[in-house]
Amino acid sequence: MRDLTLVLLSAGSSSRFELDIKKQWLRIGHDPLWYFVANKLQKTGFFSKIIISSSKEDIEFMKNYGNFTYAEGGDTRQQSLKNSLKFVETDYVLVSDIARSCIDNSFLNKIISLSSDADCIVPYLPVNDTIVYDNDTIDRNKVKRIQTPQLSKTSSLRSALNTDKEFTDESSAIIDSGGTREFIQGDEAAHKITYIGDLNKIPCLEAPSNDTLSGNGFDVHAFDDKGEMYLGGVKIDSDFGFKAHSDGDVVIHALIDALLGASGMGDIGMMFPDNDDKYKGIDSKELLKLVVKKIYSYGFIIVNVDITIAAQKPRIGKYKMQIRETLAKILHCEMQRVNVKATTTEKLGFIGRAEGVGVIANANLKYFDWQKIK
Ligand SMILES: C[C@@](CO)(OP(=O)(O)O)[C@H](O)COP(=O)(O)OP(=O)(O)OC[C@H]1O[C@@H](n2ccc(N)nc2=O)[C@H](O)[C@@H]1O
C-alpha cells in the first residue's frame with residue numbers, strides 16, 4: 001500500500017449552485033458536507049494526512065470541526081491544488097473534489113491498490129449518448145467522462161502544474177507535461193454536485209438534522225454626552241449617544257452575538273475587533289449584514305430572534321416596530337419572527353442610574369433543508 005496523502009478540494013464558490021448556501025456547507029445530520037466527506041475518508045485509514053483546500057474565511061470556521069490540514073484556496077481549482085500540494089510529503093497523492101461526496105471504500109480501494117507505474121490513475125465513465133462535437137457526430141467509444149479521485153505521483157503532479165495553462169483535472173496536466181496515465185472504471189455513485197438537481201443523484205447523503213440551534217448575546221454600552229444614538233439600526237431622538245468603537249448599537253451587537261452563538265461562530269469581538277480602524281464609527285447594520293451572509297452561506301436559516309433592551313432611558317416603545325422592521329429586513333425573515341422587548345431595572349444598578357444600556361438577545365437557527373429543494 002502506497003504512503004498516501006489525500007487532498008480534498010473545497011474552495012469553490014458554488015456559483016452554479018444558485019443558492020445563498022455554498023454546497024460544501026449543506027448539512028448531513030449536523031455535519032457540513034465537507035466534514036461528512038473528510039471524516040468518512042479519514043475512517044478508511046488509507047491516508048497519512050488529509051489536506052482540505054478552502055477559502056480563508058471558511059477555514060476559520062472549519063477548524064471548529066476537525067483536525068485536518070487546511071490549505072488556503074486560490075482563484076481556480078488548479079491554484080487551490082497547487083497551494084495544497086505544498087503540504088504533501090508523501091510520494092503519492094489522491095486528489096478529490098468535495099462535491100463528489102459519495103465515493104465508496106471499494107471504489108477508493110480499487111484506485112489506491114491498482115498496481116500501475118503510471119504518473120496518474122484516472123477513473124472514468126463511458127458515454128451512452130450520441131456525442132456531437134462542434135456539429136460533427138464523433139465516435140462516443142473514444143469519449144470518456146473523467147472523474148475524481150485521481151491518484152498521482154506527487155512529483156509528476158507538481159511539475160505538471162508548473163505551467164500557465166489551466167486544467168480541470170490532474171491527469172490532463174500530467175499528460176500535457178509528457179507524463180502517463182492509466183484509466184480505471186469509474187463509479188456513477190461518485191457523481192459531482194454542481195447544480196441543485198445533482199442532489200437527486202447523490203444517494204449516500206442523509207437529511208440535515210431538524211434540531212433547533214439556540215444562541216444568546218449580551219452587550220452593554222455606556223452613554224456618551226455627545227454623538228448620535230442608534231438602537232436596532234434605528235436613529236433614536238436624543239442629545240447623547242454611546243461610548244463605542246462603532247456606532248455603539250448595543251441591540252445589534254447583542255443580536256450578532258446571539259447569531260454567532262447559535263451557529264458556533266464565536267463572538268462579535270473575534271469577528272470585528274474593537275481595535276481595528278476598519279470598524280471605527282461603523283454602522284452596526286453593516287456588521288449584522290456580514291454576519292447574516294455568513295449564517296446563510298454556512299447552511300443555517302434564521303427561525304426567530306428575541307431581544308430584551310434594559311434601559312432607564314431612552315424610552316423604546318415608540319421605536320419597537322421600526323426596530324423590528326429594520327432587523328427583519330436584514331435578517332431576511334418575517335417581522336413576526338423578530339421580537340423586541342424593553343424594561344427598566346427599577347432604577348437599580350448602572351442601568352437604573354442611567355449610565356448606559358444593556359441588551360440580551362436570543363437567536364434560534366435551523367439547518368437549511370436541502371431535501372426540500374432537490
Ligand atoms: C462592535 C465592536 C467593533 O466595533 O466594538 P464596539 O463598537 O462595541 O466598541 C466590537 O466588535 C465589540 O466587541 P465586544 O466583544 O463587544 O468587545 P469586548 O467586550 O471588548 O471584547 C472584545 C474581545 O475580547 C474578548 N474578551 C472579552 C472579555 C474578556 N474577559 N475576555 C475576552 O477574551 C472577547 O472574546 C471579544 O472577542
# chains A, B, ... in the order shown; residues from 1 in each chain; ligands from 1
>>> residues_near_ligand(ligand="ligand 1", cutoff="9 Å", atoms="only C-alpha atoms and all ligand atoms", output="ChimeraX atom specification")
/A:218-221,242-250,252-254,257,266-282,284,287
>>> closest_atom_pairs(of="segment 305-364 of chain A", to="segment 290-297 of chain A", cutoff="10 Å", atoms="only C-alpha atoms", output="tab-separated table")
residue	atom	partner	partner_atom	distance
A:Ile330	CA	A:Val292	CA	7.5
A:Leu331	CA	A:Val292	CA	6.2
A:His332	CA	A:Val292	CA	8.5
>>> residues_around(residues="segment 123-135 of chain A", least_positions_apart="4", cutoff="8 Å", atoms="only C-alpha atoms", output="PyMOL selection string")
chain A and resi 111+139-141+143-150+183-188
>>> closest_residue(among="A:Gly232, A:Gly299, A:Ile196, A:Gln312", to="Val340 of chain A", atoms="only C-alpha atoms")
A:Gly232
>>> select_by_dssp(residues="segment 10-80 of chain A", states="alpha helix (DSSP H)", output="ChimeraX atom specification")
/A:33-42,56-62,77-80
>>> select_by_dssp(residues="segment 59-171 of chain A", states="strand (DSSP E)", output="ChimeraX atom specification")
/A:69-72,92-97,120-126,131-133,136-138,144-146,150-153
>>> atom_distance(atom1="atom CA of Glu286 of chain A", atom2="atom CA of Ser54 of chain A")
24.9 Å
>>> closest_residue(among="A:Asp20, A:Asp3, A:Glu60, A:Asp75", to="Ser48 of chain A", atoms="only C-alpha atoms")
A:Asp3
>>> residues_around(residues="Phe368 of chain A", least_positions_apart="3", cutoff="12 Å", atoms="only C-alpha atoms", output="ChimeraX atom specification")
/A:19-23,25-30,32,207-212,295-303,365,371-373
>>> residues_around(residues="Ser116 of chain A", least_positions_apart="3", cutoff="12 Å", atoms="only C-alpha atoms", output="list in words")
Arg2, Lys110, Ile111, Ile112, Ser113, Asp119, Cys120, Ile121, Val122, Leu151, Ser152, Lys153, Thr180, Arg181, Glu182, Phe183 and Ile184 of chain A
>>> write_last_selection(atoms="N, CA and C atoms", output="tab-separated table (two decimals), in the first residue's frame")
chain	number	residue	atom	x	y	z
A	2	ARG	N	0.59	2.17	-0.90
A	2	ARG	CA	1.41	3.38	-1.01
A	2	ARG	C	1.25	4.28	0.22
A	110	LYS	N	-9.98	0.31	-5.01
A	110	LYS	CA	-9.61	-0.14	-6.36
A	110	LYS	C	-8.59	0.82	-6.98
A	111	ILE	N	-8.77	2.10	-6.77
A	111	ILE	CA	-7.85	3.11	-7.34
A	111	ILE	C	-6.50	3.02	-6.64
A	112	ILE	N	-6.59	2.99	-5.30
A	112	ILE	CA	-5.36	3.05	-4.50
A	112	ILE	C	-4.50	1.81	-4.68
A	113	SER	N	-5.17	0.65	-4.82
A	113	SER	CA	-4.37	-0.59	-4.83
A	113	SER	C	-4.02	-1.05	-6.24
A	119	ASP	N	1.92	7.81	-14.09
A	119	ASP	CA	2.03	9.01	-13.23
A	119	ASP	C	0.68	9.35	-12.60
A	120	CYS	N	-0.40	8.88	-13.25
A	120	CYS	CA	-1.73	9.23	-12.73
A	120	CYS	C	-2.71	8.09	-13.05
A	121	ILE	N	-3.52	7.74	-12.08
A	121	ILE	CA	-4.58	6.73	-12.27
A	121	ILE	C	-5.93	7.46	-12.23
A	122	VAL	N	-6.68	7.29	-13.29
A	122	VAL	CA	-7.85	8.16	-13.51
A	122	VAL	C	-9.12	7.34	-13.71
A	151	LEU	N	-5.30	9.37	-8.56
A	151	LEU	CA	-4.08	9.07	-7.79
A	151	LEU	C	-2.87	9.46	-8.61
A	152	SER	N	-2.04	10.36	-8.10
A	152	SER	CA	-0.88	10.82	-8.87
A	152	SER	C	0.41	10.62	-8.10
A	153	LYS	N	1.49	10.49	-8.87
A	153	LYS	CA	2.83	10.60	-8.27
A	153	LYS	C	3.00	12.08	-7.92
A	180	THR	N	2.34	10.04	-17.91
A	180	THR	CA	1.48	8.93	-18.36
A	180	THR	C	0.28	8.80	-17.43
A	181	ARG	N	-0.80	8.25	-17.95
A	181	ARG	CA	-1.97	8.00	-17.10
A	181	ARG	C	-2.56	6.65	-17.46
A	182	GLU	N	-3.19	6.04	-16.44
A	182	GLU	CA	-3.88	4.77	-16.68
A	182	GLU	C	-5.34	4.95	-16.27
A	183	PHE	N	-6.24	4.56	-17.15
A	183	PHE	CA	-7.66	4.71	-16.86
A	183	PHE	C	-8.17	3.49	-16.09
A	184	ILE	N	-9.16	3.77	-15.24
A	184	ILE	CA	-9.77	2.70	-14.45
A	184	ILE	C	-11.27	2.95	-14.44
>>> residues_around(residues="Asn364 of chain A", least_positions_apart="6", cutoff="12 Å", atoms="only C-alpha atoms", output="number ranges by chain")
A: 211-217, 255, 258-263, 295, 300-307, 337-338
>>> residues_around(residues="Arg77 of chain A", least_positions_apart="5", cutoff="12 Å", atoms="only C-alpha atoms", output="PyMOL selection string")
chain A and resi 7-13+53-55+72+82-84+95-98+161+166-170
>>> write_last_selection(atoms="C-alpha atoms", output="CSV table (one decimal), in the first residue's frame")
chain,number,residue,atom,x,y,z
A,7,VAL,CA,-6.3,16.4,-0.9
A,8,LEU,CA,-9.9,17.4,-0.8
A,9,LEU,CA,-10.7,20.5,-2.9
A,10,SER,CA,-13.4,22.5,-1.2
A,11,ALA,CA,-12.6,26.1,-2.1
A,12,GLY,CA,-15.3,26.6,-4.8
A,13,SER,CA,-17.7,29.4,-4.6
A,53,SER,CA,-8.4,23.4,0.5
A,54,SER,CA,-10.9,26.1,1.3
A,55,SER,CA,-11.4,29.9,1.4
A,72,GLU,CA,-6.0,28.3,1.5
A,82,LYS,CA,-1.0,23.9,-6.1
A,83,ASN,CA,-1.5,25.5,-2.7
A,84,SER,CA,-2.5,22.2,-1.2
A,95,VAL,CA,-7.0,14.4,-5.2
A,96,SER,CA,-10.7,14.6,-5.0
A,97,ASP,CA,-13.4,17.2,-5.2
A,98,ILE,CA,-15.5,17.5,-2.1
A,161,LEU,CA,1.2,22.1,-12.5
A,166,GLU,CA,-5.3,25.8,-16.8
A,167,PHE,CA,-6.5,22.2,-16.5
A,168,THR,CA,-9.7,20.9,-14.8
A,169,ASP,CA,-8.2,17.7,-13.6
A,170,GLU,CA,-4.8,16.3,-12.6
>>> closest_residue(among="A:Ala71, A:Leu327, A:Arg100, A:Ser106", to="Glu57 of chain A", atoms="only C-alpha atoms")
A:Ala71
